[in-house]
>>> print(open('my_file25.txt').read())   # compact mmCIF, C-alpha atoms and all ligand atoms
# COMPACT_ATOMS: atom_id res chain seq x y z
CA MET O 1 52.60 73.64 111.29
CA PRO O 2 53.99 72.88 107.82
CA ALA O 3 57.24 70.93 107.83
CA LEU O 4 60.54 72.64 106.95
CA ASP O 5 60.67 70.97 103.55
CA ASP O 6 57.13 72.19 102.69
CA ILE O 7 58.07 75.76 103.47
CA LEU O 8 61.28 75.48 101.46
CA GLN O 9 59.45 73.89 98.52
CA GLN O 10 57.15 76.92 98.43
CA LYS O 11 60.12 79.27 98.48
CA LEU O 12 61.78 77.35 95.67
CA GLN O 13 58.61 77.50 93.57
CA LEU O 14 58.33 81.23 94.16
CA LEU O 15 61.92 81.75 93.03
CA ALA O 16 61.34 79.57 89.96
CA ALA O 17 58.24 81.60 89.06
CA LYS O 18 60.35 84.78 89.16
CA GLN O 19 63.11 83.05 87.19
CA GLN O 20 65.37 83.55 90.18
CA ARG O 21 65.98 79.97 91.14
CA ARG O 22 69.65 79.11 90.69
CA GLU O 23 70.95 75.67 90.01
CA MET O 24 74.47 74.32 89.92
CA VAL O 25 75.62 72.51 86.81
CA GLU O 26 78.52 70.09 86.99
CA THR O 27 81.36 71.59 84.98
CA GLU O 28 84.83 70.20 84.52
CA ALA O 29 87.77 72.47 83.71
CA ARG O 30 89.85 71.28 80.75
CA GLU O 31 92.82 72.73 78.89
CA GLY O 32 92.97 76.53 78.55
CA VAL O 33 89.49 78.06 78.45
CA ARG O 34 87.75 74.77 77.65
CA VAL O 35 85.24 73.20 80.02
CA ARG O 36 83.22 70.00 79.87
CA ARG O 37 79.53 69.95 80.74
CA GLY O 38 76.90 67.24 80.15
CA GLY O 39 79.31 65.22 78.00
CA LYS O 40 80.06 68.18 75.70
CA GLU O 41 83.04 70.47 75.48
CA PHE O 42 82.65 74.27 75.46
CA ILE O 43 84.76 77.37 75.20
CA SER O 44 84.07 79.33 78.34
CA PHE O 45 83.65 83.10 78.55
CA SER O 46 82.44 82.78 82.14
CA GLY O 47 85.38 81.94 84.37
CA ASN O 48 87.43 84.34 86.49
CA ASP O 49 90.68 82.43 85.95
CA TYR O 50 91.73 85.38 83.78
CA LEU O 51 95.35 84.37 83.31
CA GLY O 52 94.86 80.60 83.10
CA LEU O 53 97.00 80.20 86.22
CA SER O 54 94.81 77.56 87.87
CA ARG O 55 96.28 75.01 85.45
CA HIS O 56 99.70 76.60 84.95
CA PRO O 57 102.34 73.84 85.29
CA GLU O 58 104.40 75.81 87.84
CA VAL O 59 101.34 76.56 89.98
CA VAL O 60 100.17 72.94 89.90
CA ALA O 61 103.68 71.64 90.66
CA ALA O 62 104.07 73.98 93.64
CA ALA O 63 100.71 72.84 95.03
CA ALA O 64 101.53 69.15 94.51
CA GLU O 65 104.88 69.51 96.23
CA ALA O 66 103.35 71.29 99.25
CA LEU O 67 100.59 68.69 99.43
CA LYS O 68 103.11 65.86 99.62
CA LYS O 69 105.35 67.67 102.06
CA TYR O 70 102.77 69.13 104.46
CA GLY O 71 99.55 67.14 103.98
CA ALA O 72 96.06 68.12 102.90
CA GLY O 73 94.84 70.39 105.68
CA ALA O 74 96.32 73.05 107.99
CA GLY O 75 94.81 71.37 111.03
CA ALA O 76 93.93 74.51 113.03
CA SER O 77 93.34 78.23 112.80
CA ARG O 78 96.30 80.51 112.16
CA LEU O 79 96.38 81.68 115.77
CA VAL O 80 96.66 78.11 117.05
CA THR O 81 98.95 75.84 114.98
CA GLY O 82 97.74 76.50 111.42
CA ASN O 83 100.10 79.38 110.65
CA HIS O 84 102.19 77.44 108.21
CA PRO O 85 105.63 78.88 107.11
CA LEU O 86 104.25 79.34 103.56
CA TYR O 87 101.85 82.00 104.90
CA SER O 88 104.59 84.53 105.62
CA GLU O 89 106.12 83.90 102.20
CA LEU O 90 102.76 84.58 100.52
CA GLU O 91 102.08 87.65 102.64
CA ALA O 92 105.50 89.10 101.82
CA ALA O 93 104.92 88.42 98.10
CA LEU O 94 101.48 90.06 98.21
CA ALA O 95 102.74 93.14 100.07
CA GLN O 96 105.50 93.51 97.51
CA TYR O 97 103.15 92.97 94.56
CA LYS O 98 100.63 95.52 95.90
CA ASN O 99 103.38 97.85 97.10
CA THR O 100 102.17 98.03 100.71
CA GLU O 101 103.95 97.50 104.03
CA ALA O 102 102.18 94.28 104.89
CA ALA O 103 99.45 91.80 103.99
CA CYS O 104 97.09 89.39 105.76
CA VAL O 105 95.76 86.30 103.99
CA PHE O 106 92.20 85.18 104.76
CA GLY O 107 90.25 81.99 103.97
CA SER O 108 88.58 83.64 100.95
CA GLY O 109 87.76 87.07 99.57
CA TYR O 110 84.34 86.79 101.16
CA LEU O 111 85.93 86.06 104.53
CA ALA O 112 88.41 88.92 104.06
CA ASN O 113 85.59 91.46 103.82
CA LEU O 114 83.50 89.73 106.47
CA GLY O 115 86.40 89.88 108.91
CA THR O 116 87.88 93.25 108.01
CA ILE O 117 84.92 95.62 107.80
CA PRO O 118 83.43 94.76 111.24
CA ALA O 119 86.95 94.90 112.73
CA LEU O 120 87.30 98.51 111.58
CA VAL O 121 83.87 100.07 112.11
CA GLY O 122 80.96 99.53 114.50
CA LYS O 123 77.87 101.00 116.08
CA ASN O 124 78.78 104.70 116.04
CA ASP O 125 80.35 104.65 112.60
CA LEU O 126 79.26 105.26 109.03
CA ILE O 127 79.85 103.15 105.93
CA LEU O 128 79.38 104.69 102.49
CA ALA O 129 79.24 102.02 99.80
CA ASP O 130 79.02 102.24 96.05
CA ARG O 131 75.57 100.94 95.10
CA LEU O 132 77.06 98.13 93.04
CA SER O 133 79.43 96.89 95.74
CA HIS O 134 79.69 93.09 95.96
CA ALA O 135 77.30 91.19 98.24
CA CYS O 136 80.07 90.27 100.67
CA MET O 137 80.93 93.92 101.32
CA LEU O 138 77.28 94.65 102.07
CA ASP O 139 76.97 91.54 104.26
CA ALA O 140 80.08 92.68 106.13
CA ALA O 141 78.62 96.18 106.53
CA LYS O 142 75.46 94.72 108.06
CA LEU O 143 77.49 92.52 110.37
CA SER O 144 79.47 95.54 111.57
CA ASP O 145 76.43 97.34 113.04
CA ALA O 146 77.62 100.59 111.45
CA THR O 147 75.11 102.78 109.60
CA LEU O 148 75.20 101.87 105.91
CA MET O 149 74.44 104.38 103.16
CA ARG O 150 74.88 103.73 99.47
CA PHE O 151 75.95 106.25 96.86
CA ALA O 152 74.98 106.01 93.20
CA HIS O 153 77.42 103.96 91.17
CA ASN O 154 80.76 105.77 90.72
CA ASN O 155 79.00 109.02 91.58
CA ILE O 156 81.49 111.19 93.47
CA GLU O 157 79.05 114.06 93.83
CA HIS O 158 76.51 111.82 95.53
CA CYS O 159 79.19 110.41 97.82
CA ARG O 160 80.26 113.97 98.73
CA MET O 161 76.65 114.96 99.41
CA LEU O 162 76.21 112.05 101.81
CA LEU O 163 79.48 112.93 103.55
CA GLU O 164 78.52 116.58 103.91
CA ALA O 165 75.11 115.71 105.32
CA ASN O 166 76.10 112.86 107.62
CA ARG O 167 79.80 112.64 108.39
CA HIS O 168 79.66 114.84 111.51
CA GLU O 169 77.15 112.56 113.24
CA PHE O 170 79.49 109.59 113.28
CA GLN O 171 82.82 108.79 114.86
CA HIS O 172 84.60 106.88 112.07
CA CYS O 173 83.68 106.66 108.42
CA LEU O 174 84.60 103.98 105.90
CA ILE O 175 84.09 104.37 102.14
CA ILE O 176 83.91 101.06 100.29
CA THR O 177 84.04 100.35 96.58
CA GLU O 178 85.37 97.89 94.03
CA THR O 179 88.35 98.71 91.83
CA VAL O 180 86.83 96.80 88.89
CA PHE O 181 83.10 96.14 89.22
CA SER O 182 82.37 92.44 89.04
CA MET O 183 79.18 92.57 86.97
CA ASP O 184 79.92 95.70 84.91
CA GLY O 185 83.65 95.57 84.30
CA ASP O 186 84.00 99.34 84.74
CA ARG O 187 86.45 100.93 87.18
CA ALA O 188 86.02 103.21 90.19
CA PRO O 189 87.51 106.74 90.21
CA LEU O 190 89.88 105.73 93.01
CA LYS O 191 92.11 108.80 93.11
CA VAL O 192 89.12 111.11 93.49
CA LEU O 193 87.57 108.84 96.12
CA ALA O 194 90.85 108.72 98.05
CA ALA O 195 91.02 112.53 98.05
CA LEU O 196 87.39 112.74 99.16
CA ALA O 197 88.04 110.25 101.98
CA LYS O 198 90.98 112.35 103.13
CA GLU O 199 88.98 115.57 103.01
CA PHE O 200 86.26 114.10 105.25
CA ASN O 201 88.59 112.18 107.55
CA ALA O 202 87.25 108.86 106.25
CA TRP O 203 89.04 105.62 105.32
CA LEU O 204 88.89 104.04 101.87
CA LEU O 205 88.57 100.27 101.41
CA THR O 206 88.86 98.93 97.86
CA ASP O 207 87.92 95.44 96.70
CA ASP O 208 90.38 94.46 93.96
CA ALA O 209 88.93 90.96 93.33
CA HIS O 210 88.71 91.58 89.56
CA GLY O 211 91.58 94.04 89.29
CA ILE O 212 94.57 92.13 90.63
CA GLY O 213 96.64 90.71 87.81
CA ILE O 214 94.71 92.68 85.16
CA VAL O 215 94.86 96.41 85.91
CA LYS O 216 96.83 98.35 88.52
CA SER O 217 94.76 100.34 91.00
CA ALA O 218 95.53 103.52 92.91
CA PRO O 219 96.44 103.02 96.58
CA ALA O 220 93.81 102.98 99.35
CA ASP O 221 93.96 102.68 103.15
CA ILE O 222 92.71 99.11 103.00
CA GLU O 223 93.29 97.12 99.80
CA MET O 224 91.33 93.91 99.84
CA GLY O 225 91.25 91.24 97.14
CA THR O 226 91.14 87.58 96.28
CA LEU O 227 93.54 84.87 95.17
CA SER O 228 90.65 82.90 93.66
CA LYS O 229 90.36 84.76 90.37
CA ALA O 230 93.38 85.92 88.32
CA ALA O 231 95.74 84.16 90.75
CA GLY O 232 93.98 80.89 89.88
CA SER O 233 94.16 79.60 93.45
CA TYR O 234 92.01 80.25 96.52
CA GLY O 235 91.96 82.66 99.46
CA GLY O 236 91.52 86.35 100.19
CA TYR O 237 93.85 89.10 101.35
CA VAL O 238 94.08 92.57 102.79
CA CYS O 239 97.12 94.73 102.03
CA GLY O 240 97.97 97.93 103.90
CA SER O 241 100.11 99.40 106.65
CA LYS O 242 101.88 97.11 109.10
CA THR O 243 99.68 98.47 111.90
CA LEU O 244 96.48 97.69 109.97
CA ILE O 245 97.66 94.14 109.32
CA ASP O 246 98.82 93.58 112.92
CA TYR O 247 95.40 94.73 114.06
CA LEU O 248 93.44 92.53 111.61
CA LYS O 249 95.43 89.47 112.65
CA THR O 250 94.24 89.90 116.21
CA ALA O 251 90.77 91.37 115.59
CA ALA O 252 89.24 89.93 112.39
CA ARG O 253 86.90 87.16 113.52
CA SER O 254 87.10 85.29 110.21
CA VAL O 255 90.84 84.84 110.81
CA ILE O 256 90.51 83.92 114.47
CA TYR O 257 87.65 81.43 114.29
CA SER O 258 88.30 79.64 111.01
CA THR O 259 90.88 77.03 110.03
CA ALA O 260 93.92 78.19 108.06
CA LEU O 261 94.06 77.51 104.32
CA PRO O 262 95.58 74.22 103.13
CA PRO O 263 99.37 74.49 102.51
CA ALA O 264 98.95 73.42 98.86
CA THR O 265 96.61 76.36 98.25
CA ILE O 266 99.11 78.80 99.75
CA ALA O 267 101.92 77.29 97.67
CA ALA O 268 99.82 77.66 94.51
CA SER O 269 99.17 81.33 95.34
CA ILE O 270 102.89 82.01 95.89
CA ALA O 271 103.74 80.48 92.50
CA ALA O 272 100.91 82.42 90.84
CA ILE O 273 102.03 85.80 92.25
CA LYS O 274 105.54 85.05 91.01
CA ILE O 275 104.24 84.45 87.48
CA MET O 276 102.05 87.56 87.65
CA GLN O 277 105.16 89.55 88.55
CA GLN O 278 107.28 88.10 85.76
CA GLU O 279 104.84 87.99 82.82
CA ASN O 280 102.24 90.50 81.83
CA LEU O 281 99.43 88.05 81.13
CA GLY O 282 96.89 90.63 82.33
CA GLU O 283 97.66 92.77 79.29
CA LYS O 284 96.73 89.83 77.06
CA ALA O 285 93.38 89.30 78.84
CA LEU O 286 92.62 93.00 78.53
CA GLU O 287 93.58 92.97 74.85
CA ASN O 288 91.13 90.08 74.27
CA ALA O 289 88.34 91.96 76.04
CA ARG O 290 89.05 95.01 73.87
CA TYR O 291 89.08 92.90 70.73
CA PHE O 292 85.54 91.83 71.65
CA THR O 293 84.23 95.33 72.49
CA ASN O 294 85.70 96.56 69.24
CA LEU O 295 84.02 93.81 67.19
CA MET O 296 80.73 94.39 69.03
CA GLY O 297 80.85 98.16 68.67
CA LEU O 298 80.73 98.56 72.47
CA GLY O 299 82.73 101.07 74.54
CA LYS O 300 86.39 100.06 75.02
CA ALA O 301 86.73 97.40 77.76
CA GLU O 302 88.20 98.76 81.01
CA SER O 303 88.91 95.30 82.41
CA ALA O 304 88.60 91.62 81.53
CA ILE O 305 84.83 91.78 82.19
CA VAL O 306 82.39 92.94 79.53
CA PRO O 307 78.62 92.97 80.18
CA VAL O 308 76.20 92.84 77.30
CA ILE O 309 73.09 94.25 78.94
CA VAL O 310 69.82 93.02 77.42
CA ASN O 311 67.47 94.08 80.28
CA GLU O 312 64.97 91.21 80.49
CA THR O 313 65.98 88.10 82.38
CA GLU O 314 64.27 85.87 79.86
CA ARG O 315 66.23 87.40 76.99
CA ALA O 316 69.54 86.92 78.81
CA LEU O 317 68.68 83.29 79.53
CA LYS O 318 67.70 82.68 75.90
CA LEU O 319 70.82 84.27 74.46
CA SER O 320 72.97 82.26 76.84
CA ALA O 321 71.19 79.06 75.75
CA THR O 322 71.72 79.94 72.07
CA LEU O 323 75.45 80.49 72.64
CA GLU O 324 75.63 77.23 74.58
CA GLU O 325 74.08 75.33 71.67
CA LYS O 326 76.93 76.63 69.52
CA GLY O 327 79.61 75.59 72.01
CA PHE O 328 80.18 78.75 74.06
CA LEU O 329 79.48 79.23 77.75
CA VAL O 330 78.53 82.80 78.68
CA ALA O 331 76.87 83.34 82.06
CA PRO O 332 73.46 85.05 82.11
CA ILE O 333 73.34 87.37 85.14
CA ARG O 334 69.96 88.46 86.45
CA PRO O 335 68.39 90.25 89.40
CA PRO O 336 68.91 90.20 92.34
CA THR O 337 72.62 89.87 91.49
CA VAL O 338 72.21 92.97 89.29
CA PRO O 339 69.54 95.74 89.52
CA GLU O 340 66.06 95.07 88.14
CA ASN O 341 65.76 95.22 84.36
CA THR O 342 69.51 95.05 83.76
CA ALA O 343 69.85 91.32 83.07
CA ARG O 344 72.93 90.66 80.99
CA LEU O 345 75.38 88.27 79.48
CA ARG O 346 78.60 88.62 81.41
CA PHE O 347 81.62 87.91 79.22
CA THR O 348 84.96 87.39 80.89
CA PHE O 349 88.17 87.25 78.89
CA SER O 350 91.24 85.21 79.61
CA ALA O 351 94.80 85.61 78.38
CA LEU O 352 94.24 82.17 76.85
CA HIS O 353 91.29 82.98 74.55
CA ALA O 354 92.10 82.71 70.85
CA LYS O 355 91.16 85.58 68.54
CA LYS O 356 89.17 83.21 66.33
CA ASP O 357 87.02 82.10 69.29
CA ILE O 358 86.25 85.73 70.09
CA GLU O 359 85.36 86.35 66.44
CA ARG O 360 83.09 83.32 66.34
CA VAL O 361 81.25 84.13 69.59
CA THR O 362 80.72 87.72 68.39
CA GLU O 363 79.26 86.51 65.14
CA ILE O 364 76.78 84.19 66.87
CA LEU O 365 75.86 86.82 69.45
CA LYS O 366 75.23 89.50 66.82
CA GLU O 367 72.99 87.14 64.90
CA ALA O 368 71.03 86.14 68.03
CA LEU O 369 70.67 89.78 69.08
CA SER O 370 69.30 90.90 65.75
CA ALA O 371 66.82 88.00 65.86
CA SER O 372 65.39 89.42 69.10
CA SER O 373 63.97 92.90 68.89
CA SER O 374 64.76 95.29 71.79
CA PRO O 375 67.85 97.51 71.64
CA LEU O 376 71.21 96.64 73.17
CA HIS O 377 72.81 98.68 75.94
CA ALA O 378 76.45 98.81 76.86
CA GLY O 379 76.80 99.69 80.53
CA ILE O 380 74.02 100.98 82.76
C1 LIG A 1 84.55 87.08 93.95
C2 LIG A 1 84.48 88.32 94.74
C3 LIG A 1 84.69 88.32 96.11
C4 LIG A 1 84.84 87.06 96.90
O1 LIG A 1 86.08 86.46 96.73
P1 LIG A 1 86.21 84.88 96.95
O2 LIG A 1 87.65 84.67 97.12
O3 LIG A 1 85.61 84.23 95.77
O4 LIG A 1 85.43 84.58 98.21
C5 LIG A 1 84.71 89.52 96.76
N1 LIG A 1 84.51 90.68 96.11
C6 LIG A 1 84.29 90.71 94.79
C7 LIG A 1 84.08 92.02 94.13
C8 LIG A 1 84.25 89.54 94.06
O5 LIG A 1 83.98 89.56 92.76
>>> encode(input="my_file25.txt", output="C-alpha cells")
Amino acid sequence: MPALDDILQQKLQLLAAKQQRREMVETEAREGVRVRRGGKEFISFSGNDYLGLSRHPEVVAAAAEALKKYGAGAGASRLVTGNHPLYSELEAALAQYKNTEAACVFGSGYLANLGTIPALVGKNDLILADRLSHACMLDAAKLSDATLMRFAHNNIEHCRMLLEANRHEFQHCLIITETVFSMDGDRAPLKVLAALAKEFNAWLLTDDAHGIGIVKSAPADIEMGTLSKAAGSYGGYVCGSKTLIDYLKTAARSVIYSTALPPATIAASIAAIKIMQQENLGEKALENARYFTNLMGLGKAESAIVPVIVNETERALKLSATLEEKGFLVAPIRPPTVPENTARLRFTFSALHAKKDIERVTEILKEALSASSSPLHAGI
C-alpha cells in the first residue's frame, strides 16, 4: 500500500499538470488598497474589502477596545456561554440595515449557508440553485440530503421549467441564488425569482456576500450574507422573520456545534455597519468599477466585481503575471472555480482606488491583451 504522502503527491502533480494546483502567497495588507508581497508593494484589485473598512480607524478602535475589555476568544458556543452581549447589538444593527425582523450571526458566510440550508430542507425536498451559485451553497445543498437541481445562470425560464416538471414530487422547495455573482459581478433578477418562488410555493434564499454595502437587493425569505467582505470584519449572517431566526438559532448545526466569534470581531462588525449606514462608500466603489468598464469598453459594471474573461487558464495566468510585474495584483480565476474555458482576471474595485490607478491598470491590460491574440469577452 502506498503511504498517504505518496498518494497526495500524485494528486498534487495531477493538479499541477492541469494548472489547477493552488498555492497561498504571503500578502500583507497596507494602507488603502496597497498590499505587500515578496518585499514589493502592489496596488490590489483582488480584495473584497470593498469599502476599506478593515482598516478604518473607528472599526479598528472598536475591535481593540472589545479585545481589551472581553479578551481574545468567546470561550464557548453561543448556546453555552459564548453569546456575548455584543451579539444582540450586531444582530439588531443587521436586521435594521437589511430591513428584516431579525438576524442571526454565524461564524462565517460559509458556515451560515452550511447551517441554514440543511436546517430548512431535507430528504423529501427540492433545491433549485443557479448554476453559478457559490461552492458553499452547493456544499450545503449536498449536506441537506435534498434533491439538488441547477438552473442555467439567471435563466428564469429554465427555473420555471424545472419547477413545473418537478415541484409536485417534493414537499418543500428552496430556490437559491446570489444577489451579486462572486466571479461574474452580475446580479440576479431577484424580484422575478421571488414571484416565481411564491407562485410555486417555494422559498427563496439569497446570498448577498458581494452585495451588502454596495448595492441594495430585493427582499427574499432568507437573506444570507457575510461580514467578511464590504464590512471588513469576519462572520456570516442570515436576516429574515423572527420565526426563521428563532428556528435557526436552535436548529442550525454550525451555530450549535461551533464556538462563538471573538468579541473584537463582533465589535468591528458593529462599527462597520454603522459606517455603512452613515456614508455611501458603496457608491464610490461602484463608480470606480464603472470607470474601469467604461475605459475598457466593457458593459457597465453592475457591482464592484468586473471579470475580464480570456478563456484559457494559461492566458489568465500570464496576464495576471504581467500586471504583477507592473505593480498591480489582479487575481486570475480558473476552472474549477469557474466553468471550463472561462478563465478570467477578476477585478474588484474599492471605494479607496484612485482614478489614476484605474487608468494605469487599464492601459497595461489593454497593451497585454493586444499582444496576445484571441478575442476578449465580457461576461459569459
Ligand atoms: C465569500 C462568499 C461566501 C463565504 O463567506 P465567508 O464569510 O468568506 O465564509 C459565501 N457566499 C459567497 C457568494 C461568497 O462570495
>>> closest_residue(input="my_file25.txt", among="O:Lys274, O:Lys355, O:His172, O:Arg290", to="O:Ala62", atoms="all atoms listed in the file")
O:Lys274
>>> residues_near_point(input="my_file25.txt", point="(101.2, 73.6, 109.6)", cutoff="9 Å", atoms="only C-alpha atoms", output="JSON, numbers by chain")
{"O": [70, 71, 73, 74, 75, 76, 78, 81, 82, 83, 84, 85, 86, 260, 262, 263]}
>>> write_last_selection(input="my_file25.txt", atoms="C-alpha atoms", output="PDB file, keeping the file's coordinate frame")
ATOM      1  CA  TYR O  70     102.770  69.130 104.460  1.00  0.00           C
ATOM      2  CA  GLY O  71      99.550  67.140 103.980  1.00  0.00           C
ATOM      3  CA  GLY O  73      94.840  70.390 105.680  1.00  0.00           C
ATOM      4  CA  ALA O  74      96.320  73.050 107.990  1.00  0.00           C
ATOM      5  CA  GLY O  75      94.810  71.370 111.030  1.00  0.00           C
ATOM      6  CA  ALA O  76      93.930  74.510 113.030  1.00  0.00           C
ATOM      7  CA  ARG O  78      96.300  80.510 112.160  1.00  0.00           C
ATOM      8  CA  THR O  81      98.950  75.840 114.980  1.00  0.00           C
ATOM      9  CA  GLY O  82      97.740  76.500 111.420  1.00  0.00           C
ATOM     10  CA  ASN O  83     100.100  79.380 110.650  1.00  0.00           C
ATOM     11  CA  HIS O  84     102.190  77.440 108.210  1.00  0.00           C
ATOM     12  CA  PRO O  85     105.630  78.880 107.110  1.00  0.00           C
ATOM     13  CA  LEU O  86     104.250  79.340 103.560  1.00  0.00           C
ATOM     14  CA  ALA O 260      93.920  78.190 108.060  1.00  0.00           C
ATOM     15  CA  PRO O 262      95.580  74.220 103.130  1.00  0.00           C
ATOM     16  CA  PRO O 263      99.370  74.490 102.510  1.00  0.00           C
TER      17      PRO O 263
END
>>> residues_around(input="my_file25.txt", residues="O:Ala140", least_positions_apart="2", cutoff="10 Å", atoms="all atoms listed in the file", output="JSON, numbers by chain")
{"O": [110, 111, 112, 113, 114, 115, 116, 117, 118, 119, 135, 136, 137, 138, 142, 143, 144, 145, 146]}
>>> atom_distance(input="my_file25.txt", atom1="atom CA of O:Arg55", atom2="atom CA of O:Thr179")
25.8 Å
>>> closest_residue(input="my_file25.txt", among="O:Ala61, O:Ile275, O:Ala354, O:Val310", to="O:Asn288", atoms="all atoms listed in the file")
O:Ala354
